[in-house]
file model_27.pdb (PDB, C-alpha atoms, pLDDT in the B column)
MODEL        1
ATOM      1  CA  MET A1396      50.003 159.548 132.438  1.00 58.00           C
ATOM      2  CA  PRO A1397      49.241 156.372 134.482  1.00 59.00           C
ATOM      3  CA  LYS A1398      45.896 154.689 134.037  1.00 56.00           C
ATOM      4  CA  PRO A1399      43.649 155.065 137.145  1.00 57.00           C
ATOM      5  CA  ASP A1400      42.945 151.861 139.012  1.00 61.00           C
ATOM      6  CA  ALA A1401      39.516 150.452 138.253  1.00 63.00           C
ATOM      7  CA  ASP A1402      37.234 149.589 141.144  1.00 72.00           C
ATOM      8  CA  PRO A1403      37.060 145.766 141.110  1.00 79.00           C
ATOM      9  CA  THR A1404      33.789 145.650 143.051  1.00 87.00           C
ATOM     10  CA  VAL A1405      30.591 144.983 141.124  1.00 85.00           C
ATOM     11  CA  GLN A1406      27.085 145.657 142.412  1.00 89.00           C
ATOM     12  CA  LEU A1407      24.778 142.760 141.489  1.00 89.00           C
ATOM     13  CA  ASP A1408      21.050 142.550 142.015  1.00 91.00           C
ATOM     14  CA  LEU A1409      20.670 138.901 143.068  1.00 93.00           C
ATOM     15  CA  SER A1410      17.421 137.527 144.413  1.00 95.00           C
ATOM     16  CA  VAL A1411      16.179 134.175 145.660  1.00 96.00           C
ATOM     17  CA  ASP A1412      12.696 132.738 146.015  1.00 97.00           C
ATOM     18  CA  ARG A1413      12.586 131.034 149.403  1.00 96.00           C
ATOM     19  CA  SER A1414       9.216 129.428 148.608  1.00 97.00           C
ATOM     20  CA  SER A1415      10.614 127.719 145.495  1.00 96.00           C
ATOM     21  CA  PRO A1416      11.528 124.023 145.601  1.00 98.00           C
ATOM     22  CA  VAL A1417      14.780 124.948 143.801  1.00 97.00           C
ATOM     23  CA  PRO A1418      17.687 125.074 146.294  1.00 97.00           C
ATOM     24  CA  LEU A1419      18.929 128.574 147.189  1.00 97.00           C
ATOM     25  CA  TYR A1420      22.510 127.767 146.196  1.00 97.00           C
ATOM     26  CA  PHE A1421      21.320 126.736 142.732  1.00 98.00           C
ATOM     27  CA  GLN A1422      19.246 129.904 142.291  1.00 97.00           C
ATOM     28  CA  LEU A1423      22.303 132.007 143.155  1.00 96.00           C
ATOM     29  CA  SER A1424      24.669 129.973 141.010  1.00 96.00           C
ATOM     30  CA  GLN A1425      22.406 130.418 137.971  1.00 97.00           C
ATOM     31  CA  GLN A1426      22.368 134.195 138.452  1.00 96.00           C
ATOM     32  CA  LEU A1427      26.146 134.339 138.946  1.00 94.00           C
ATOM     33  CA  GLU A1428      26.699 132.222 135.844  1.00 94.00           C
ATOM     34  CA  ALA A1429      24.463 134.551 133.801  1.00 95.00           C
ATOM     35  CA  ALA A1430      26.380 137.605 135.074  1.00 93.00           C
ATOM     36  CA  ILE A1431      29.654 136.007 133.980  1.00 92.00           C
ATOM     37  CA  GLU A1432      28.293 135.065 130.550  1.00 94.00           C
ATOM     38  CA  GLN A1433      26.911 138.596 130.034  1.00 94.00           C
ATOM     39  CA  GLY A1434      30.242 140.175 130.975  1.00 91.00           C
ATOM     40  CA  VAL A1435      28.945 141.853 134.134  1.00 91.00           C
ATOM     41  CA  LEU A1436      31.441 139.846 136.210  1.00 91.00           C
ATOM     42  CA  THR A1437      34.903 139.835 134.732  1.00 89.00           C
ATOM     43  CA  PRO A1438      38.174 138.290 135.937  1.00 87.00           C
ATOM     44  CA  GLY A1439      39.259 140.074 139.102  1.00 86.00           C
ATOM     45  CA  SER A1440      35.763 141.252 140.041  1.00 85.00           C
ATOM     46  CA  LEU A1441      34.873 141.022 143.707  1.00 83.00           C
TER      47      LEU A1441
ENDMDL
END
call {"tool": "encode", "arguments": {"input": "model_27.pdb", "output": "structure tokens"}}
result
Amino acid sequence: MPKPDADPTVQLDLSVDRSSPVPLYFQLSQQLEAAIEQGVLTPGSL
């Protein structure tokens, strides 16, 4: 029996603080990096 294809899309709850002096791209990159380290985003995830 063939294995069903997994859905490669992942729903992430990312947020940015527009009033923060930290650049938006850096806020997002930190959250994406954490998701990768925690295994939420895996190779092939969209």
call {"tool": "atom_distance", "arguments": {"input": "model_27.pdb", "atom1": "atom CA of A:Asp1402", "atom2": "atom CA of A:Val1435"}}
result
13.3 Å
call {"tool": "residues_around", "arguments": {"input": "model_27.pdb", "residues": "stretch 1422-1431 of chain A", "least_positions_apart": "6", "cutoff": "9 Å", "atoms": "all atoms listed in the file", "output": "short mmCIF file (atom, residue, chain, number, x, y, z; two decimals) with C-alpha atoms, in the frame of the given file"}}
result
data_model
loop_
_atom_site.label_atom_id
_atom_site.label_comp_id
_atom_site.auth_asym_id
_atom_site.auth_seq_id
_atom_site.Cartn_x
_atom_site.Cartn_y
_atom_site.Cartn_z
CA LEU A 1407 24.78 142.76 141.49
CA LEU A 1409 20.67 138.90 143.07
CA SER A 1410 17.42 137.53 144.41
CA VAL A 1411 16.18 134.18 145.66
CA ASP A 1412 12.70 132.74 146.01
CA THR A 1437 34.90 139.84 134.73
#
call {"tool": "resolve_selection", "arguments": {"input": "model_27.pdb", "expression": "the PyMOL selection byres ((chain A and resi 1404) around 6)", "output": "list in words"}}
result
Asp1402, Pro1403, Val1405, Ser1440 and Leu1441 of chain A
